[in-house]
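Pasted below: final_13.txt, compact mmCIF, C-alpha atoms.
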```txt
# COMPACT_ATOMS: atom_id res chain seq x y z
CA GLY A 1 12.84 -2.30 14.05
CA GLU A 2 11.30 -3.31 10.78
CA HIS A 3 7.56 -3.72 10.39
CA THR A 4 6.76 -7.42 10.29
CA ASN A 5 3.53 -9.03 9.24
CA MET A 6 2.76 -12.72 8.86
CA ASN A 7 -0.30 -11.87 6.79
CA SER A 8 -2.07 -15.21 6.57
CA LYS A 9 -2.57 -17.42 9.62
CA GLY A 10 0.99 -16.92 10.84
CA ILE A 11 2.57 -18.17 7.61
CA TRP A 12 4.79 -15.97 5.47
CA GLN A 13 3.31 -15.80 1.99
CA LEU A 14 6.40 -14.62 0.07
CA ARG A 15 8.42 -17.67 -0.91
CA LYS A 16 11.16 -16.38 -3.21
CA ILE A 17 12.71 -13.11 -4.42
CA THR A 18 14.80 -12.98 -7.59
CA LEU A 19 16.86 -9.88 -8.34
CA TYR A 20 17.55 -9.38 -12.05
CA TYR A 21 20.26 -6.96 -13.17
CA CYS A 22 22.69 -6.17 -15.97
CA PRO A 23 26.38 -6.87 -15.16
CA TRP A 24 27.52 -3.57 -16.72
CA GLY A 25 24.47 -1.38 -17.46
CA GLY A 26 24.15 2.02 -15.76
CA SER A 27 20.55 1.53 -14.57
CA SER A 28 21.69 -1.58 -12.62
CA GLU A 29 24.48 0.23 -10.76
CA TYR A 30 22.64 0.45 -7.42
CA MET A 31 21.36 -3.11 -7.71
CA ARG A 32 24.90 -4.45 -8.33
CA THR A 33 26.25 -2.59 -5.29
CA PHE A 34 23.32 -3.79 -3.17
CA ILE A 35 24.01 -7.41 -4.19
CA GLN A 36 27.79 -7.20 -3.70
CA HIS A 37 27.81 -5.30 -0.38
CA THR A 38 28.31 -7.76 2.47
CA ASN A 39 27.60 -5.67 5.59
CA ASN A 40 24.24 -4.11 4.79
CA GLY A 41 23.29 -5.18 1.28
CA LEU A 42 21.43 -8.25 0.09
CA ALA A 43 23.35 -10.63 2.38
CA ALA A 44 22.24 -8.69 5.47
CA TYR A 45 18.64 -8.44 4.22
CA ALA A 46 18.60 -12.21 3.56
CA ARG A 47 19.90 -12.88 7.09
CA ARG A 48 17.03 -10.80 8.51
CA ASN A 49 14.49 -12.70 6.35
CA PRO A 50 15.42 -16.40 6.48
CA GLN A 51 11.89 -17.46 5.43
CA VAL A 52 12.49 -16.09 1.90
CA VAL A 53 14.78 -17.71 -0.70
CA PHE A 54 16.88 -15.13 -2.55
CA HIS A 55 18.30 -15.53 -6.07
CA THR A 56 20.28 -13.14 -8.24
CA TYR A 57 20.31 -13.32 -12.02
CA ALA A 58 22.69 -11.31 -14.21
CA LYS A 59 21.56 -10.83 -17.80
CA LYS A 60 23.00 -8.41 -20.33
CA ARG A 61 21.00 -5.45 -21.62
CA ILE A 62 18.13 -5.53 -19.12
CA HIS A 63 16.94 -2.99 -16.58
CA PRO A 64 17.02 -4.20 -12.98
CA HIS A 65 13.84 -5.58 -11.51
CA ILE A 66 12.71 -7.72 -8.59
CA VAL A 67 10.32 -10.65 -8.94
CA GLY A 68 8.55 -11.92 -5.85
CA GLU A 69 6.94 -15.37 -5.92
CA PHE A 70 4.25 -16.25 -3.40
CA VAL A 71 3.09 -19.54 -1.91
CA ASN A 72 -0.13 -19.40 -3.96
CA GLY A 73 1.84 -19.05 -7.24
CA HIS A 74 1.18 -15.33 -7.73
CA LYS A 75 4.17 -13.26 -8.94
CA ILE A 76 4.90 -9.56 -8.58
CA ASP A 77 7.46 -7.86 -10.82
CA VAL A 78 8.79 -4.45 -9.72
CA SER A 79 11.19 -2.28 -11.71
CA VAL A 80 14.06 -0.80 -9.69
CA LYS A 81 15.73 1.03 -12.55
CA ASN A 82 18.15 3.63 -11.07
CA GLN A 83 16.65 3.04 -7.60
CA PRO A 84 18.93 3.51 -4.56
CA TRP A 85 19.44 0.80 -1.93
CA VAL A 86 16.82 2.16 0.40
CA ASP A 87 14.13 1.81 -2.25
CA ILE A 88 15.28 -1.66 -3.31
CA GLU A 89 14.96 -2.79 0.32
CA LYS A 90 11.63 -0.98 0.66
CA PHE A 91 10.19 -2.81 -2.39
CA MET A 92 11.38 -6.18 -1.07
CA THR A 93 9.92 -5.46 2.38
CA ARG A 94 6.62 -4.42 0.81
CA MET A 95 6.57 -7.70 -1.13
CA ARG A 96 7.41 -9.65 2.02
CA ASN A 97 4.46 -8.08 3.84
CA GLN A 98 1.93 -8.81 1.10
CA VAL A 99 -0.40 -11.77 1.04
CA GLY A 100 0.23 -12.43 -2.66
CA ARG A 101 -3.31 -11.96 -3.92
CA HIS A 102 -4.04 -9.69 -6.83
CA GLU A 103 -4.37 -6.11 -5.65
CA LYS A 104 -7.75 -4.51 -6.25
CA HIS A 105 -7.48 -1.78 -8.85
CA GLN A 106 -7.79 1.67 -7.39
CA ARG A 107 -10.16 3.94 -9.29
CA LEU A 108 -8.40 7.12 -10.25
CA ALA A 109 -10.14 10.44 -9.83
CA HIS A 110 -11.81 11.56 -13.06
CA PHE A 111 -10.50 14.85 -14.40
CA PRO A 112 -12.34 15.71 -17.64
CA LEU A 113 -10.79 18.01 -20.21
CA ILE A 114 -13.93 20.18 -20.32
CA PRO A 115 -14.75 21.74 -16.94
CA SER A 116 -18.21 21.21 -15.48
CA VAL A 117 -20.95 23.74 -16.27
CA GLN A 118 -21.98 23.58 -12.63
CA GLY A 119 -18.51 24.60 -11.46
CA THR A 120 -16.24 22.82 -9.03
CA VAL A 121 -17.25 21.57 -5.61
CA ASN A 122 -15.88 23.60 -2.73
CA PRO A 123 -16.37 21.86 0.63
CA TRP A 124 -15.67 25.13 2.50
CA LEU A 125 -18.68 26.99 1.11
CA PRO A 126 -21.83 26.89 3.27
CA TYR A 127 -24.44 24.39 2.07
CA GLU A 128 -27.87 25.93 1.68
CA GLY A 129 -29.63 22.90 0.32
CA LEU A 130 -31.34 22.47 -3.02
CA PRO A 131 -33.61 25.26 -4.30
CA LYS A 132 -37.19 24.57 -3.32
CA ALA A 133 -39.50 24.01 -6.28
CA GLU A 134 -42.93 25.55 -6.15
CA PHE A 135 -45.74 23.25 -7.10
CA GLY A 136 -49.35 23.93 -7.89
CA GLU A 137 -52.24 21.54 -7.50
CA ALA A 138 -52.12 18.03 -8.88
CA VAL A 139 -53.67 17.73 -12.31
CA ASP A 140 -54.47 14.17 -13.39
CA GLY A 141 -52.06 12.75 -10.82
CA GLU A 142 -49.10 14.93 -11.92
CA LEU A 143 -47.72 18.04 -10.30
CA GLU A 144 -47.80 21.22 -12.30
CA ARG A 145 -44.78 23.49 -11.80
CA LEU A 146 -45.54 27.17 -11.32
CA PRO A 147 -43.38 29.77 -13.03
CA ARG A 148 -40.91 31.54 -10.73
CA ALA A 149 -41.57 35.16 -9.92
```
Translate this file's structure into structure tokens.
Amino acid sequence: GEHTNMNSKGIWQLRKITLYYCPWGGSSEYMRTFIQHTNNGLAAYARRNPQVVFHTYAKKRIHPHIVGEFVNGHKIDVSVKNQPWVDIEKFMTRMRNQVGRHEKHQRLAHFPLIPSVQGTVNPWLPYEGLPKAEFGEAVDGELERLPRA
């Protein structure tokens, strides 16, 4: 069956889903079919999720998107332009399973345009530790570095 998650103290946090689409636009084709199909489209999804209120809104010249409204007032807007049914359902299920708080921003890996002088890290190479520095005697509280042979 579907993955279910109450999220916060046994109370569903997603209150309402509104599906926006264009009545004739090409990018809304899948959304229109999903809304109109009675056996396994929006009607079936709504029957499986009675805790959520579903609305559809047709507006000319827009790309299809889904807006989820949560109990705490937070809204999530997801574009489903040219997305097949499976993905439309997947986005709605993901919304349903969220708590409705702002997601923490994920830090993306940093890929500079200029490669590092030190080279890239290879975790498969053996680690031999840092080179050992040779130090002489302390002079006035500081260590004096000896030249390498």
All residues 12 Å or closer to A:Trp24, only C-alpha atoms, same chain fewer than 3 positions away omitted, as a PyMOL selection string: chain A and resi 21+27-33+58-64
Atom CA of A:Asn49 to atom CA of A:Gln36, distance in Å rounded to a single decimal: 17.6 Å
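Across the model, the gap from atom CA of A:Thr38 to atom CA of A:Gln13 is 26.3 Å.
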Cut-off 7 Å around (7.2, -16.4, 3.5) with only C-alpha atoms: residues as an mmCIF file with C-alpha atoms, in the frame of the given file:
```cif
data_model
loop_
_atom_site.group_PDB
_atom_site.id
_atom_site.type_symbol
_atom_site.label_atom_id
_atom_site.label_comp_id
_atom_site.auth_asym_id
_atom_site.auth_seq_id
_atom_site.Cartn_x
_atom_site.Cartn_y
_atom_site.Cartn_z
ATOM 1 C CA ILE A 11 2.570 -18.170 7.610
ATOM 2 C CA TRP A 12 4.790 -15.970 5.470
ATOM 3 C CA GLN A 13 3.310 -15.800 1.990
ATOM 4 C CA LEU A 14 6.400 -14.620 0.070
ATOM 5 C CA ARG A 15 8.420 -17.670 -0.910
ATOM 6 C CA GLN A 51 11.890 -17.460 5.430
ATOM 7 C CA VAL A 52 12.490 -16.090 1.900
ATOM 8 C CA ARG A 96 7.410 -9.650 2.020
#
```
Once 6 Å is added on each side, what are the centre and the three edge lengths, in Å to one decimal, of the axis-aligned box enclosing the listed atoms of stretch 69-72 of chain A? Present them as JSON.
```
{"center_x": 3.4, "center_y": -17.5, "center_z": -3.9, "size_x": 19.1, "size_y": 16.2, "size_z": 16.0}
```
Atom CA of A:Glu69 to atom CA of A:Ile35, distance in Å rounded to a single decimal: 18.9 Å
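The shortest atom-to-atom distance to A:Pro84, with only C-alpha atoms taken into account, belongs to A:Phe34 out of A:Phe34, A:Ala43, A:Lys16, A:Pro23.
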Contacts of A:Ile88 within 10 Å, all atoms listed in the file, excl. fewer than 4 positions in-chain, as a PyMOL selection string: chain A and resi 19+30-31+34+41-42+65-66+78-84+92-94
